[in-house]
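Listing of target03.txt, compact mmCIF, C-alpha atoms
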```txt
# COMPACT_ATOMS: atom_id res chain seq x y z
CA MET A 215 47.07 -17.09 5.72
CA ASN A 216 45.58 -20.44 6.62
CA HIS A 217 41.81 -20.72 6.64
CA SER A 218 40.02 -23.16 8.87
CA SER A 219 38.07 -25.83 7.05
CA ASN A 220 35.10 -24.89 9.23
CA GLU A 221 34.84 -21.42 7.74
CA LYS A 222 31.77 -21.00 5.56
CA GLU A 223 31.96 -19.63 2.07
CA PRO A 224 30.34 -16.19 1.80
CA GLU A 225 26.72 -16.40 0.73
CA THR A 226 25.80 -15.15 -2.70
CA ILE A 227 23.02 -12.59 -2.51
CA GLU A 228 20.68 -12.77 -5.45
CA PRO A 229 19.51 -9.45 -6.89
CA LEU A 230 16.03 -8.28 -5.88
CA ARG A 231 13.38 -9.33 -8.37
CA TYR A 232 9.77 -8.20 -8.49
CA LEU A 233 6.95 -10.57 -9.36
CA SER A 234 5.16 -10.11 -12.65
CA LYS A 235 1.42 -9.62 -12.88
CA THR A 236 1.02 -13.22 -14.07
CA GLU A 237 3.12 -14.60 -11.20
CA VAL A 238 1.08 -12.65 -8.64
CA ALA A 239 -2.19 -13.99 -10.08
CA THR A 240 -0.82 -17.55 -10.07
CA ILE A 241 0.28 -17.34 -6.43
CA GLU A 242 -3.06 -15.87 -5.35
CA THR A 243 -4.99 -18.58 -7.19
CA GLU A 244 -2.85 -21.26 -5.56
CA LEU A 245 -3.40 -19.82 -2.09
CA LEU A 246 -7.17 -19.64 -2.61
CA ARG A 247 -7.67 -22.96 -4.37
CA ASP A 248 -4.95 -25.30 -3.10
CA TYR A 249 -4.22 -23.91 0.36
CA ARG A 250 -7.86 -23.00 1.08
CA PHE A 251 -7.21 -19.47 2.25
CA GLY A 252 -10.22 -17.17 2.14
CA GLN A 253 -10.10 -13.83 0.33
CA GLN A 254 -10.71 -11.91 3.56
CA GLN A 255 -7.92 -13.86 5.25
CA LEU A 256 -5.43 -12.99 2.49
CA ILE A 257 -6.33 -9.30 2.54
CA GLU A 258 -5.92 -9.29 6.32
CA ILE A 259 -2.46 -10.89 6.01
CA TRP A 260 -1.37 -8.47 3.29
CA GLY A 261 -2.66 -5.42 5.14
CA HIS A 262 -0.94 -6.47 8.36
CA ALA A 263 2.32 -7.09 6.46
CA CYS A 264 2.12 -3.61 4.93
CA ALA A 265 1.58 -2.07 8.37
CA ILE A 266 4.59 -3.93 9.76
CA ALA A 267 6.69 -2.69 6.82
CA VAL A 268 5.65 0.91 7.59
CA THR A 269 6.62 0.55 11.25
CA LYS A 270 10.06 -0.72 10.22
CA ALA A 271 10.67 1.93 7.55
CA PHE A 272 9.13 4.78 9.56
CA PRO A 273 9.26 3.99 13.29
CA LEU A 274 7.37 6.40 15.53
CA SER A 275 10.60 7.86 16.86
CA SER A 276 11.73 8.82 13.34
CA LEU A 277 8.67 10.88 12.34
CA SER A 278 9.35 14.57 11.92
CA LYS A 279 5.97 15.85 13.10
CA LYS A 280 4.78 15.91 16.70
CA GLN A 281 1.76 13.74 15.88
CA PRO A 282 2.33 10.39 14.08
CA THR A 283 -0.12 11.24 11.30
CA LEU A 284 -0.41 9.18 8.11
CA LEU A 285 -2.70 9.48 5.10
CA VAL A 286 -3.93 6.21 3.57
CA VAL A 287 -5.35 6.71 0.07
CA CYS A 288 -7.56 3.81 -1.01
CA GLY A 289 -8.83 2.78 -4.43
CA PRO A 290 -11.99 0.82 -5.24
CA GLU A 291 -10.50 -2.65 -5.71
CA GLN A 292 -8.51 -5.10 -3.59
CA ASN A 293 -5.61 -2.68 -3.07
CA GLY A 294 -8.03 -0.31 -1.37
CA SER A 295 -9.11 -3.02 1.06
CA ILE A 296 -5.48 -3.81 1.83
CA GLY A 297 -5.05 -0.11 2.60
CA LEU A 298 -8.01 -0.18 5.00
CA VAL A 299 -6.56 -3.17 6.87
CA CYS A 300 -3.14 -1.50 6.91
CA ALA A 301 -4.66 1.65 8.43
CA ARG A 302 -6.44 -0.38 11.14
CA HIS A 303 -3.24 -2.13 12.18
CA LEU A 304 -1.26 1.11 12.13
CA ARG A 305 -3.85 2.57 14.49
CA MET A 306 -3.17 -0.33 16.88
CA PHE A 307 0.56 0.39 16.52
CA GLU A 308 -0.13 3.93 17.85
CA TYR A 309 0.07 5.78 14.55
CA GLU A 310 -2.71 8.21 13.63
CA PRO A 311 -3.98 7.26 10.17
CA THR A 312 -6.55 9.18 8.18
CA ILE A 313 -8.21 7.48 5.21
CA PHE A 314 -9.25 8.94 1.88
CA TYR A 315 -11.60 6.47 0.18
CA PRO A 316 -13.56 8.40 -2.46
CA LYS A 317 -15.46 5.53 -4.10
CA ARG A 318 -16.40 2.86 -1.62
CA SER A 319 -16.83 -0.62 -3.01
CA PRO A 320 -20.32 -2.14 -2.88
CA GLN A 321 -18.84 -5.56 -2.09
CA SER A 322 -19.67 -6.73 1.42
CA LEU A 323 -16.08 -7.80 2.07
CA HIS A 324 -14.77 -4.29 1.40
CA GLN A 325 -17.61 -2.79 3.43
CA ASP A 326 -16.62 -4.92 6.42
CA PHE A 327 -13.09 -3.48 6.38
CA THR A 328 -14.54 0.04 6.16
CA VAL A 329 -16.81 -0.52 9.17
CA GLN A 330 -13.90 -1.89 11.20
CA CYS A 331 -11.94 1.33 10.57
CA GLU A 332 -14.95 3.46 11.46
CA LYS A 333 -15.43 1.52 14.70
CA MET A 334 -11.82 2.32 15.61
CA ASP A 335 -12.56 6.04 15.11
CA ILE A 336 -10.17 6.35 12.19
CA PRO A 337 -11.21 9.54 10.37
CA PHE A 338 -12.18 9.54 6.69
CA LEU A 339 -11.52 12.58 4.50
CA SER A 340 -14.39 13.77 2.35
CA TYR A 341 -11.98 15.12 -0.28
CA LEU A 342 -8.26 15.13 -1.09
CA PRO A 343 -6.83 18.65 -0.95
CA THR A 344 -5.39 19.73 -4.29
CA GLU A 345 -3.12 22.17 -2.48
CA VAL A 346 -0.21 19.84 -1.89
CA GLN A 347 1.28 21.92 0.92
CA LEU A 348 -1.71 21.02 3.08
CA LEU A 349 -0.74 17.35 2.78
CA ASN A 350 2.92 18.10 3.44
CA ASP A 351 2.01 20.04 6.59
CA ALA A 352 -0.58 17.60 7.96
CA TYR A 353 1.00 14.17 7.43
CA ASN A 354 4.33 12.42 7.88
CA LEU A 355 3.77 10.14 4.89
CA VAL A 356 1.18 8.84 2.44
CA ILE A 357 0.28 5.18 1.90
CA ASP A 358 -0.68 4.52 -1.71
CA ALA A 359 -3.36 1.81 -1.86
CA ILE A 360 -5.03 3.17 -4.99
CA LEU A 361 -4.38 1.06 -8.09
CA GLY A 362 -3.36 -2.59 -7.94
CA PRO A 363 -1.94 -4.89 -10.63
CA GLU A 364 -5.48 -5.85 -11.62
CA THR A 365 -6.18 -2.30 -12.83
CA GLU A 366 -5.93 -1.53 -16.53
CA HIS A 367 -4.54 1.99 -16.57
CA LYS A 368 -6.27 2.94 -19.82
CA GLU A 369 -9.57 2.60 -18.00
CA VAL A 370 -8.64 4.80 -15.02
CA LYS A 371 -10.80 7.89 -14.74
CA GLU A 372 -11.40 10.56 -12.14
CA PRO A 373 -11.03 10.93 -9.27
CA TYR A 374 -8.00 8.62 -9.41
CA ALA A 375 -6.13 10.32 -12.24
CA GLY A 376 -6.38 13.64 -10.37
CA MET A 377 -5.27 12.02 -7.13
CA LEU A 378 -2.09 10.80 -8.83
CA VAL A 379 -1.35 14.33 -10.05
CA THR A 380 -1.63 15.61 -6.47
CA LEU A 381 0.46 12.84 -4.93
CA LYS A 382 3.17 13.27 -7.55
CA GLN A 383 3.79 16.76 -6.19
CA ALA A 384 3.89 15.77 -2.51
CA LYS A 385 7.19 16.26 -0.70
CA ILE A 386 6.50 13.73 2.05
CA PRO A 387 7.40 10.04 1.58
CA ILE A 388 4.97 7.74 -0.23
CA VAL A 389 4.69 4.03 0.55
CA SER A 390 2.96 1.86 -2.07
CA VAL A 391 1.31 -1.37 -0.92
CA ASP A 392 1.84 -2.91 -4.37
CA ILE A 393 2.85 -1.69 -7.82
CA PRO A 394 3.06 2.12 -7.46
CA SER A 395 -0.13 3.66 -8.78
CA GLY A 396 0.45 5.08 -12.26
CA ILE A 397 3.19 2.59 -13.19
CA CYS A 398 2.42 -0.24 -15.60
CA SER A 399 2.85 -3.58 -13.83
CA LEU A 400 4.22 -5.23 -16.96
CA ASN A 401 7.32 -3.06 -17.23
CA THR A 402 9.16 -0.21 -15.56
CA GLN A 403 8.05 2.46 -18.00
CA PRO A 404 5.31 4.93 -17.05
CA ASP A 405 1.94 4.42 -18.63
CA VAL A 406 -0.44 7.16 -19.75
CA LEU A 407 -1.16 8.20 -16.16
CA GLU A 408 0.75 10.57 -13.94
CA LYS A 409 3.37 8.63 -12.02
CA PHE A 410 5.33 8.96 -8.82
CA TYR A 411 8.16 6.93 -7.40
CA PRO A 412 7.45 5.83 -3.82
CA TRP A 413 9.96 5.85 -0.98
CA CYS A 414 9.35 2.11 -0.58
CA LEU A 415 7.04 -0.73 -1.65
```

As structure tokens:
Amino acid sequence: MNHSSNEKEPETIEPLRYLSKTEVATIETELLRDYRFGQQQLIEIWGHACAIAVTKAFPLSSLSKKQPTLLVVCGPEQNGSIGLVCARHLRMFEYEPTIFYPKRSPQSLHQDFTVQCEKMDIPFLSYLPTEVQLLNDAYNLVIDAILGPETEHKEVKEPYAGMLVTLKQAKIPIVSVDIPSGICSLNTQPDVLEKFYPWCL
């Protein structure tokens, strides 16, 4: 068979590679220092990107429950703020997020994101049910915004260690906004914490 000279060679698809903790820190430093992004601006971009990813992986029409309910679980550091922004955008995309944010950061930047969610009437849970079936029945999926790559897992204490135990048992999909909470960012082996493997990152 003769092939036209205009035919393109098939593209080689490189295997998916995740960034290391050092690479992430280097990129963030470059964006802040060289490209003059502000920290709030970056968190807004990351949170919006996470919300878009959720809408593509779990479009409203695909959700199994009548109400498009989501649970966003936020930690105390930057990942938690990304989760707050993600929840706000998902609310604008007609999902119904609920936030669990047990230890609110004293930093004004994080407080601003919290107020924005409150002003949009996004509910905040006062506690995370330990009876996993309650989560399975109430929500279509969980968004893990608990521990980011900046967290040293040896230092993680309650309530976060207990939260990971609960989420590990959940039957509904989990979406992690970064490194899955409970997994060491330096390798693929589980650290001392309970671990779960999310449906997507």

note - CA of Pro387 (chain A) and CA of Lys317 (chain A) are separated by 24.0 Å

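Here CA of Ser278 (chain A) stands at a distance of 26.8 Å from CA of Trp260 (chain A).
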
Pick the closest to Thr312 (chain A) from A:Met377, A:Val391, A:Ile266, A:Ala352: which is it, counting all atoms listed in the file?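 Answer, going by the shortest atom-to-atom distance: A:Ala352.
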
Mind giving me the straight-line distance from CA of His262 (chain A) to CA of Ser295 (chain A) in Å, one decimal?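 CA of Ser295 (chain A) lies at a distance of 11.5 Å from CA of His262 (chain A).
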
Selection: 6 Å around region 283-286 of chain A, all atoms listed in the file, excl. self and same-chain fewer than 3 positions, as a tab-separated table (two decimals) with C-alpha atoms, in the frame of the given file:
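And here is the file that came out, around14.tsv:
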```tsv
chain	number	residue	atom	x	y	z
A	310	GLU	CA	-2.71	8.21	13.63
A	311	PRO	CA	-3.98	7.26	10.17
A	312	THR	CA	-6.55	9.18	8.18
A	313	ILE	CA	-8.21	7.48	5.21
A	353	TYR	CA	1.00	14.17	7.43
A	354	ASN	CA	4.33	12.42	7.88
A	355	LEU	CA	3.77	10.14	4.89
A	356	VAL	CA	1.18	8.84	2.44
A	357	ILE	CA	0.28	5.18	1.90
```

Leaving out Cys288 (chain A) and any residue of its chain fewer than 4 positions from it, which residues lie within 9 Å of it when counting only C-alpha atoms, given as a list in words?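 Contacts, with the query itself left out: Asn293, Gly294, Ser295, Ile296, Gly297, Leu298, Ile313, Phe314, Tyr315, Pro316, Lys317, Arg318, Ile357, Asp358, Ala359, Ile360 and Leu361 of chain A.
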
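Shortest atom-to-atom contact with Leu274 (chain A) among A:Glu291, A:Asp351, A:Glu308, A:Asp248: A:Glu308, counting all atoms listed in the file.
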
Find the spatial neighbours of Ala263 (chain A), counting all atoms listed in the file, within a cut-off of 8 Å - ignore same-chain residues fewer than 4 positions away - and output them as a short mmCIF file (atom, residue, chain, number, x, y, z; two decimals) with C-alpha atoms, in the frame of the given file.
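Dumped to around.cif:
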```
data_model
loop_
_atom_site.label_atom_id
_atom_site.label_comp_id
_atom_site.auth_asym_id
_atom_site.auth_seq_id
_atom_site.Cartn_x
_atom_site.Cartn_y
_atom_site.Cartn_z
CA ILE A 259 -2.46 -10.89 6.01
CA ALA A 267 6.69 -2.69 6.82
CA CYS A 300 -3.14 -1.50 6.91
#
```

A:Pro320, A:Gly289, A:Pro337, A:Pro229: which is nearest Leu378 (chain A), counting only C-alpha atoms? A:Gly289

For Ser319 (chain A), find every residue with an atom within 8 Å (counting all atoms listed in the file), except residues of its own chain fewer than 3 positions away, and show them as a list in words.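 Residues meeting the cut-off are Pro290, Glu291, His324 and Gln325 of chain A.
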
With distances taken over all atoms listed in the file, which of A:Ser234, A:Ser276, A:Asn350, A:Thr269 is nearest to Val389 (chain A)?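 So, comparing all the options, the nearest one is A:Thr269.
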